[in-house]
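Structure data (CSV, C-alpha atoms) from coords.csv:
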chain,number,residue,atom,x,y,z
W,17,MET,CA,125.7,109.8,32.6
W,18,LEU,CA,128.3,111.0,35.0
W,19,ALA,CA,126.2,114.2,35.6
W,20,ALA,CA,123.2,112.0,36.4
W,21,ALA,CA,125.2,109.9,38.9
W,22,ALA,CA,126.6,113.0,40.6
W,23,LEU,CA,123.0,114.3,40.9
W,24,VAL,CA,121.9,111.0,42.6
W,25,ILE,CA,124.8,111.1,45.0
W,26,SER,CA,124.2,114.7,45.9
W,27,SER,CA,120.5,114.1,46.5
W,28,ALA,CA,121.3,111.1,48.7
W,29,ALA,CA,123.7,113.2,50.7
W,30,ASN,CA,121.2,115.8,51.4
W,31,ALA,CA,118.2,113.5,51.8
W,32,GLY,CA,118.3,113.5,55.6
W,33,ALA,CA,119.5,115.5,58.6
W,34,PRO,CA,121.4,114.2,61.6
W,35,MET,CA,119.2,113.2,64.6
W,36,ALA,CA,118.7,116.2,67.0
W,37,LYS,CA,119.6,114.8,70.3
W,38,GLY,CA,119.4,116.3,73.8
W,39,PRO,CA,116.8,118.0,76.0
W,40,GLN,CA,114.9,121.1,75.1
W,41,ALA,CA,113.6,123.9,77.4
W,42,GLY,CA,109.8,123.5,77.9
W,43,TRP,CA,107.3,126.2,78.7
W,44,PHE,CA,103.6,126.8,78.1
W,45,ARG,CA,101.7,130.0,78.8
W,46,MET,CA,98.0,130.8,79.2
W,47,LYS,CA,95.7,133.4,80.9
W,48,VAL,CA,93.5,132.9,83.9
W,49,GLY,CA,91.5,136.1,84.0
W,50,ASP,CA,94.1,138.9,84.2
W,51,PHE,CA,96.7,136.5,85.6
W,52,GLU,CA,99.3,134.9,83.3
W,53,VAL,CA,100.3,131.3,84.1
W,54,THR,CA,103.5,129.8,82.7
W,55,ALA,CA,104.1,126.0,83.0
W,56,LEU,CA,107.7,125.1,83.2
W,57,SER,CA,109.1,121.6,82.4
W,58,ASP,CA,111.8,120.4,84.8
W,59,GLY,CA,112.2,117.3,82.6
W,60,THR,CA,111.0,113.7,82.9
W,61,ALA,CA,112.1,110.7,84.9
W,62,ASP,CA,111.4,107.0,84.6
W,63,LEU,CA,109.6,105.6,87.7
W,64,PRO,CA,108.5,102.0,88.4
W,65,MET,CA,104.9,102.9,88.9
W,66,ASP,CA,103.8,99.3,88.9
W,67,GLN,CA,105.9,98.9,92.1
W,68,LEU,CA,105.3,102.3,93.7
W,69,LEU,CA,101.5,102.6,93.5
W,70,SER,CA,99.6,101.1,96.5
W,71,ASN,CA,96.1,100.1,97.4
W,72,THR,CA,96.0,98.4,94.0
W,73,ALA,CA,97.8,95.5,92.3
W,74,PRO,CA,100.8,95.6,89.9
W,75,ASP,CA,98.9,93.8,87.2
W,76,LYS,CA,96.1,96.3,87.4
W,77,VAL,CA,98.6,99.2,87.1
W,78,LYS,CA,100.3,97.5,84.1
W,79,LYS,CA,96.9,97.1,82.4
W,80,ALA,CA,95.9,100.7,83.0
W,81,LEU,CA,99.3,101.9,81.7
W,82,THR,CA,99.0,99.6,78.6
W,83,ASP,CA,95.4,100.9,77.9
W,84,HIS,CA,97.0,104.4,77.7
W,85,PHE,CA,99.9,103.2,75.5
W,86,LEU,CA,102.3,103.5,78.4
W,87,LYS,CA,104.6,101.0,80.2
W,88,ALA,CA,106.5,100.5,83.4
W,89,PRO,CA,108.8,102.2,84.2
W,90,THR,CA,106.7,105.2,83.3
W,91,GLU,CA,108.2,108.4,81.9
W,92,THR,CA,106.9,110.9,84.4
W,93,SER,CA,106.8,114.7,84.1
W,94,ILE,CA,108.1,117.1,86.8
W,95,ASN,CA,106.3,120.4,86.3
W,96,ALA,CA,106.7,123.8,88.0
W,97,PHE,CA,104.6,126.9,87.4
W,98,VAL,CA,104.9,130.7,87.4
W,99,VAL,CA,102.0,133.1,88.0
W,100,ASN,CA,102.3,136.7,87.0
W,101,THR,CA,99.6,138.6,88.8
W,102,GLY,CA,100.6,141.9,87.3
W,103,THR,CA,102.3,143.1,90.5
W,104,LYS,CA,104.0,139.8,91.7
W,105,LEU,CA,105.9,137.0,90.0
W,106,VAL,CA,105.1,133.9,91.9
W,107,MET,CA,106.6,130.4,91.3
W,108,ILE,CA,104.9,127.3,92.5
W,109,ASP,CA,107.4,124.6,93.2
W,110,ALA,CA,111.0,124.7,91.8
W,111,GLY,CA,111.8,121.4,90.3
W,112,ALA,CA,114.4,118.9,91.3
W,113,GLY,CA,117.7,120.6,90.6
W,114,VAL,CA,120.5,118.0,90.9
W,115,PHE,CA,118.6,115.9,93.5
W,116,PHE,CA,116.6,113.6,91.2
W,117,GLY,CA,118.9,112.3,88.5
W,118,PRO,CA,120.4,113.6,85.2
W,119,THR,CA,117.2,113.8,83.1
W,120,VAL,CA,115.6,116.6,85.2
W,121,GLY,CA,116.7,119.9,86.7
W,122,LYS,CA,115.6,122.0,83.7
W,123,THR,CA,113.3,124.4,85.5
W,124,VAL,CA,115.7,127.4,85.3
W,125,ALA,CA,116.4,126.8,81.6
W,126,SER,CA,112.7,126.6,81.0
W,127,LEU,CA,112.2,129.8,83.0
W,128,LYS,CA,114.7,131.7,81.0
W,129,ALA,CA,113.3,130.4,77.7
W,130,ALA,CA,109.9,131.7,78.8
W,131,GLY,CA,111.4,135.2,79.2
W,132,TYR,CA,112.0,135.4,83.0
W,133,LYS,CA,115.2,135.5,85.1
W,134,PRO,CA,115.5,133.8,88.5
W,135,GLU,CA,116.2,137.1,90.3
W,136,GLN,CA,112.8,138.4,89.1
W,137,ILE,CA,110.9,135.8,91.1
W,138,ASP,CA,109.2,137.5,94.1
W,139,GLU,CA,107.8,134.5,96.0
W,140,ILE,CA,108.0,130.7,95.7
W,141,TYR,CA,105.1,128.6,97.1
W,142,ILE,CA,106.2,125.1,97.8
W,143,THR,CA,103.5,122.4,97.8
W,144,HIS,CA,105.7,120.1,99.8
W,145,MET,CA,109.4,119.5,100.5
W,146,HIS,CA,110.2,116.4,98.5
W,147,ALA,CA,113.4,116.8,96.5
W,148,ASP,CA,111.6,117.0,93.1
W,149,HIS,CA,109.8,120.1,94.3
W,150,VAL,CA,112.5,122.0,96.3
W,151,GLY,CA,115.8,120.8,94.8
W,152,GLY,CA,115.7,123.5,92.2
W,153,LEU,CA,115.9,126.2,94.8
W,154,VAL,CA,119.6,125.7,95.3
W,155,ALA,CA,122.7,125.2,93.1
W,156,SER,CA,126.2,124.7,94.6
W,157,ASN,CA,124.8,125.5,98.0
W,158,LYS,CA,123.6,128.9,96.9
W,159,ALA,CA,120.1,130.3,96.4
W,160,VAL,CA,119.0,130.1,92.8
W,161,PHE,CA,116.2,132.7,93.4
W,162,PRO,CA,118.0,135.3,95.5
W,163,ASN,CA,115.1,137.8,95.9
W,164,ALA,CA,112.4,135.3,96.6
W,165,THR,CA,110.5,134.7,99.8
W,166,ILE,CA,109.8,131.0,100.3
W,167,ARG,CA,106.4,129.9,101.6
W,168,ALA,CA,105.3,126.4,102.6
W,169,GLY,CA,103.0,124.9,105.2
W,170,LYS,CA,104.2,125.3,108.8
W,171,ALA,CA,103.8,121.5,109.4
W,172,GLU,CA,105.8,120.8,106.3
W,173,GLY,CA,108.9,122.7,107.5
W,174,GLU,CA,108.5,121.5,111.1
W,175,PHE,CA,108.6,117.9,109.8
W,176,TRP,CA,111.3,117.9,107.1
W,177,LEU,CA,113.6,120.6,108.6
W,178,THR,CA,113.9,119.0,112.0
W,179,GLN,CA,117.1,117.0,112.7
W,180,ALA,CA,115.3,114.8,115.4
W,181,ASN,CA,112.8,113.7,112.8
W,182,MET,CA,115.5,112.7,110.4
W,183,ASP,CA,117.4,110.8,113.1
W,184,LYS,CA,114.4,108.6,113.9
W,185,ALA,CA,113.3,108.1,110.3
W,186,PRO,CA,114.0,104.8,108.4
W,187,ASP,CA,117.2,104.8,106.5
W,188,GLN,CA,115.4,104.9,103.1
W,189,MET,CA,113.7,108.2,104.2
W,190,LYS,CA,116.8,110.0,105.4
W,191,ASP,CA,117.7,111.4,101.9
W,192,PHE,CA,114.3,113.1,101.8
W,193,PHE,CA,115.2,115.0,104.9
W,194,LYS,CA,118.7,115.8,103.7
W,195,GLY,CA,117.4,117.1,100.4
W,196,ALA,CA,114.8,119.4,102.0
W,197,MET,CA,117.4,120.8,104.5
W,198,ALA,CA,120.0,121.4,101.8
W,199,ALA,CA,117.5,123.1,99.5
W,200,MET,CA,116.0,125.4,102.2
W,201,LYS,CA,119.2,126.3,104.0
W,202,PRO,CA,120.2,129.3,101.8
W,203,TYR,CA,116.7,130.7,102.4
W,204,ALA,CA,116.7,130.5,106.2
W,205,LYS,CA,116.0,134.2,106.5
W,206,LYS,CA,113.5,134.3,103.6
W,207,TYR,CA,111.3,131.4,104.7
W,208,LYS,CA,107.9,132.3,106.0
W,209,PRO,CA,105.8,129.3,107.0
W,210,ILE,CA,102.1,129.3,106.2
W,211,GLU,CA,99.8,129.0,109.2
W,212,GLY,CA,96.2,128.0,109.0
W,213,ASP,CA,94.0,127.0,106.1
W,214,ASP,CA,92.7,129.1,103.1
W,215,VAL,CA,95.3,131.8,103.6
W,216,GLU,CA,95.6,134.6,101.1
W,217,LEU,CA,99.3,135.0,100.3
W,218,VAL,CA,99.0,137.8,97.8
W,219,PRO,CA,95.8,139.2,96.3
W,220,GLY,CA,94.1,136.5,94.3
W,221,ILE,CA,96.3,133.6,95.5
W,222,HIS,CA,95.3,131.3,98.4
W,223,ALA,CA,97.1,128.5,100.2
W,224,LEU,CA,94.9,125.5,101.1
W,225,ALA,CA,96.1,122.9,103.6
W,226,THR,CA,95.9,119.3,102.1
W,227,PRO,CA,97.9,117.1,104.5
W,228,GLY,CA,98.3,113.4,103.6
W,229,HIS,CA,100.9,113.1,100.9
W,230,THR,CA,103.2,114.8,103.4
W,231,PRO,CA,102.4,116.3,106.8
W,232,GLY,CA,102.1,119.9,105.5
W,233,HIS,CA,101.2,119.5,101.9
W,234,GLU,CA,99.6,122.6,100.4
W,235,ILE,CA,97.8,123.4,97.2
W,236,TYR,CA,97.5,126.9,95.8
W,237,SER,CA,94.4,128.5,94.2
W,238,ILE,CA,94.4,131.5,91.9
W,239,GLU,CA,91.3,133.5,90.9
W,240,SER,CA,91.0,136.4,88.6
W,241,LYS,CA,87.9,137.8,86.8
W,242,GLY,CA,85.8,134.7,87.6
W,243,GLU,CA,88.4,132.2,86.4
W,244,LYS,CA,90.2,129.8,88.6
W,245,MET,CA,93.1,127.4,88.6
W,246,VAL,CA,94.3,125.2,91.5
W,247,PHE,CA,97.9,124.0,91.6
W,248,CYS,CA,97.7,120.5,93.1
W,249,GLY,CA,101.3,119.4,93.8
W,250,ASP,CA,101.4,115.7,94.5
W,251,LEU,CA,97.7,115.1,95.2
W,252,MET,CA,98.1,112.6,92.3
W,253,HIS,CA,101.0,111.0,90.4
W,254,VAL,CA,99.8,108.8,87.5
W,255,ALA,CA,97.1,110.1,85.3
W,256,ALA,CA,96.5,106.7,83.6
W,257,VAL,CA,95.6,105.1,87.0
W,258,GLN,CA,94.6,107.7,89.5
W,259,PHE,CA,92.0,109.6,87.5
W,260,ALA,CA,90.0,106.5,86.9
W,261,ASP,CA,90.6,105.3,90.4
W,262,PRO,CA,91.3,108.0,93.0
W,263,SER,CA,91.6,105.5,95.8
W,264,VAL,CA,95.0,104.4,94.4
W,265,THR,CA,97.8,105.7,96.6
W,266,ILE,CA,101.6,105.8,96.3
W,267,GLN,CA,104.4,104.7,98.5
W,268,PHE,CA,105.7,108.3,98.8
W,269,ASP,CA,102.5,109.2,100.7
W,270,SER,CA,103.3,109.9,104.4
W,271,ASP,CA,99.6,109.1,105.3
W,272,PRO,CA,97.8,107.2,102.5
W,273,LYS,CA,94.6,107.1,104.4
W,274,SER,CA,94.5,111.0,104.3
W,275,ALA,CA,96.0,111.4,100.9
W,276,ALA,CA,93.3,109.5,99.0
W,277,PRO,CA,90.4,111.6,100.5
W,278,GLN,CA,92.2,114.8,99.7
W,279,ARG,CA,92.5,113.7,96.1
W,280,GLN,CA,88.9,112.7,95.9
W,281,LYS,CA,87.7,116.0,97.4
W,282,LEU,CA,89.7,118.0,94.9
W,283,TYR,CA,88.5,115.9,91.9
W,284,ALA,CA,84.9,116.2,92.9
W,285,ASP,CA,85.1,120.0,93.4
W,286,ALA,CA,87.1,120.6,90.2
W,287,ALA,CA,84.7,118.5,88.2
W,288,ALA,CA,81.6,120.1,89.7
W,289,LYS,CA,82.8,123.7,89.3
W,290,GLY,CA,84.8,123.4,86.1
W,291,TYR,CA,88.0,125.2,87.1
W,292,TYR,CA,91.5,124.4,85.8
W,293,VAL,CA,93.7,122.1,87.8
W,294,ALA,CA,97.5,121.8,87.4
W,295,PHE,CA,99.5,118.8,88.5
W,296,ALA,CA,103.2,118.4,89.1
W,297,HIS,CA,103.4,114.9,87.6
W,298,VAL,CA,100.8,114.9,84.8
W,299,SER,CA,102.3,115.0,81.3
W,300,PHE,CA,103.5,118.5,80.5
W,301,PRO,CA,102.1,121.1,80.8
W,302,GLY,CA,100.0,119.3,83.4
W,303,ILE,CA,97.0,121.6,83.1
W,304,GLY,CA,93.4,120.7,82.3
W,305,HIS,CA,89.9,120.0,83.5
W,306,LEU,CA,88.3,117.0,85.1
W,307,ARG,CA,84.9,115.5,84.2
W,308,LYS,CA,83.1,112.9,86.3
W,309,GLU,CA,83.1,109.5,84.5
W,310,GLY,CA,81.4,106.6,86.3
W,311,THR,CA,83.2,106.0,89.6
W,312,GLY,CA,86.2,107.9,88.5
W,313,TYR,CA,87.1,111.0,86.4
W,314,GLU,CA,88.2,111.8,82.8
W,315,TRP,CA,91.2,114.1,82.3
W,316,ASN,CA,90.8,116.8,79.6
W,317,PRO,CA,94.2,118.5,78.9
W,318,VAL,CA,94.1,122.2,78.3
W,319,ASN,CA,93.7,123.2,74.7
W,320,TYR,CA,97.0,124.3,73.2
W,321,THR,CA,97.3,128.0,72.6
W,322,ASN,CA,100.0,129.9,70.7
W,323,LYS,CA,98.8,133.5,70.6

Could you render the structure as structure tokens?
Amino acid sequence: MLAAAALVISSAANAGAPMAKGPQAGWFRMKVGDFEVTALSDGTADLPMDQLLSNTAPDKVKKALTDHFLKAPTETSINAFVVNTGTKLVMIDAGAGVFFGPTVGKTVASLKAAGYKPEQIDEIYITHMHADHVGGLVASNKAVFPNATIRAGKAEGEFWLTQANMDKAPDQMKDFFKGAMAAMKPYAKKYKPIEGDDVELVPGIHALATPGHTPGHEIYSIESKGEKMVFCGDLMHVAAVQFADPSVTIQFDSDPKSAAPQRQKLYADAAAKGYYVAFAHVSFPGIGHLRKEGTGYEWNPVNYTNK
């Protein structure tokens, strides 16, 4: 009898494991022709999308979120990407660092988990200079990627890195300028603005000007052996809302009247030609295809691969 009781107690003690708490490094890797693309998770942040989205109504946003089993505030991914061309290691955006709250800033951990070191990065292409895209460039006022050349649209740097622009900006915008200036300062001698549109930065990678979300927003296209992927930055933010209705904008847009057409142009082209698109704020890894669906688009996430 005692032996049976001891067995029951022992079984109960070993029946469960403690909850595994805390964040995990996130990375996902796939091929695009001969290029290797690695998506890096910087973490997630809760954002009040029902209040931030514009050219729509909060009730419509809440319904769209509910239809996708989401709610407001909405847990939102921040994604960065690395492209290995075989001769260059190129990062696209750098995550938020310490500029966007305690739940993000994991890009470097994800990078290392994926098998790379920060000092291996040759070039970093910034879609735009909001803190959740450039904050990860710097830590303790020092460059996190000491050997990297930084590229961004000329108009982007001229806007965010100019003291006079910050001085005349509304108070709620000043932190955007401070974040950009702090992140870019250690790279002053390594920053090379991108001038013009459809500029080849390294063989197989082009920068395409898409102003609207910010004055110098850029997207980046890679092509290899007939395959293509476009890294879209902040051309969109909320998959549950802005795929079905590309006209919906967000309060972070510098020029909403330009941002919406840029999004619609990209969607139409990607759906018609069938190439991959990668977004900074679509649920990790943020890569997939678009298909036209009525007046909007259907999002088809990339098929998971582990080989």

Problem set entry | Residue nearest Ala96 in chain W among W:Phe193, W:Tyr141, W:Phe268, W:Tyr132 (counting only C-alpha atoms) |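 Nearest to Ala96 in chain W: W:Tyr141.
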
Problem set entry | Option closest in space to Ile238 in chain W, from W:Arg167, W:Lys37, W:Lys190, W:Lys47 [counting all atoms listed in the file] |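 Of all the options, W:Lys47 lies closest to Ile238 in chain W.
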
Exercise. Which distance in Å separates CA of Lys133 in chain W and CA of Val154 in chain W, to one decimal?
Worked result: 14.8 Å

Problem set entry | Test item: residues at most 12 Å from Asp50 in chain W, only C-alpha atoms, excluding those fewer than 4 positions along its chain, as an NGL selection string | :W and (46 or 99-103 or 220 or 238-244)

Include C-alpha atoms and write out the residues we just selected as a short mmCIF file (atom, residue, chain, number, x, y, z; two decimals), in the coordinates of the input.
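Result file selection_32.cif:
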data_model
loop_
_atom_site.label_atom_id
_atom_site.label_comp_id
_atom_site.auth_asym_id
_atom_site.auth_seq_id
_atom_site.Cartn_x
_atom_site.Cartn_y
_atom_site.Cartn_z
CA MET W 46 98.00 130.80 79.20
CA VAL W 99 102.00 133.10 88.00
CA ASN W 100 102.30 136.70 87.00
CA THR W 101 99.60 138.60 88.80
CA GLY W 102 100.60 141.90 87.30
CA THR W 103 102.30 143.10 90.50
CA GLY W 220 94.10 136.50 94.30
CA ILE W 238 94.40 131.50 91.90
CA GLU W 239 91.30 133.50 90.90
CA SER W 240 91.00 136.40 88.60
CA LYS W 241 87.90 137.80 86.80
CA GLY W 242 85.80 134.70 87.60
CA GLU W 243 88.40 132.20 86.40
CA LYS W 244 90.20 129.80 88.60
#

Problem set entry | Spatial neighbours of Thr265 in chain W, max dist 7 Å, all atoms listed in the file, sep filter under 2 positions, as a list in words | Leu69, Ser70, Asn71, Ser263, Gln267, Pro272 and Ala276 of chain W

Exercise. Ile235 in chain W: which residues within 8 Å, counting only C-alpha atoms, same-chain residues fewer than 6 positions away excluded, as a count of residues only?
Worked result: 9

Exercise. Between W:Gly49, W:Gly131, W:Gly312, W:Gly304, which one has atoms that come closest to Val257 in chain W, using only C-alpha atoms?
Worked result: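 Selected residue with least distance to Val257 in chain W: W:Gly312.
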
For this session: Mind giving me the straight-line distance from CA of Lys281 in chain W to CA of Lys308 in chain W in Å, one decimal?
Result: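 Between CA of Lys281 in chain W and CA of Lys308 in chain W the gap works out to 12.4 Å.
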
Would you tabulate, counting all atoms listed in the file, all residues of range 182-283 of chain W that have an atom at most 10 Å from an atom of range 113-128 of chain W, showing the closest pair of atoms and their distance in Å to one decimal, sorted by chain then ascending number, as a tab-separated table?
residue	atom	partner	partner_atom	distance
W:Asp191	CA	W:Phe115	CA	9.6
W:Phe192	CA	W:Phe115	CA	9.8
W:Gly195	CA	W:Phe115	CA	7.1
W:Ala196	CA	W:Phe115	CA	9.9
W:Ala199	CA	W:Gly113	CA	9.2

Exercise. Could you state the separation of CA of Thr54 in chain W and CA of Asp148 in chain W in Å, given to one decimal place?
Worked result: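 Taking CA of Thr54 in chain W and CA of Asp148 in chain W, their separation equals 18.4 Å.
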
Problem set entry | Residue nearest Val264 in chain W among W:His233, W:Lys104, W:Lys78, W:Arg279 (counting only C-alpha atoms) |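 Looking at the shortest contact to Val264 in chain W, the residue is W:Arg279.
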
For this session: Would you kindly return, as a PyMOL selection string, each protein, DNA or RNA residue with an atom no farther than 9 Å from any atom of Ala275 in chain W, considering all atoms listed in the file and excluding same-chain residues fewer than 6 positions away?
Result: chain W and resi 226-230+251-252+263+265+269

For this session: Name all residues at most 6 Å from Leu68 in chain W (count all atoms listed in the file; drop same-chain ones fewer than 2 positions away) and give them as a PyMOL selection string.
Result: chain W and resi 65-66+266-267

For this session: Identify which of the residues W:Ala33, W:Met182, W:Ile140, W:Ala255 lies closest to Leu86 in chain W, counting only C-alpha atoms when measuring atom-to-atom distances.
Result: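 Closest candidate: W:Ala255.
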
Problem set entry | From W:Ala296, W:Ala180, W:Ala129, W:Ala204, residue lying nearest Pro162 in chain W [all atoms listed in the file] | W:Ala204

Problem set entry | Within-10 Å shell of (107.4, 107.6, 83.4) in input frame, all atoms listed in the file, as an NGL selection string | :W and (60-65 or 86-93 or 254 or 297-299)
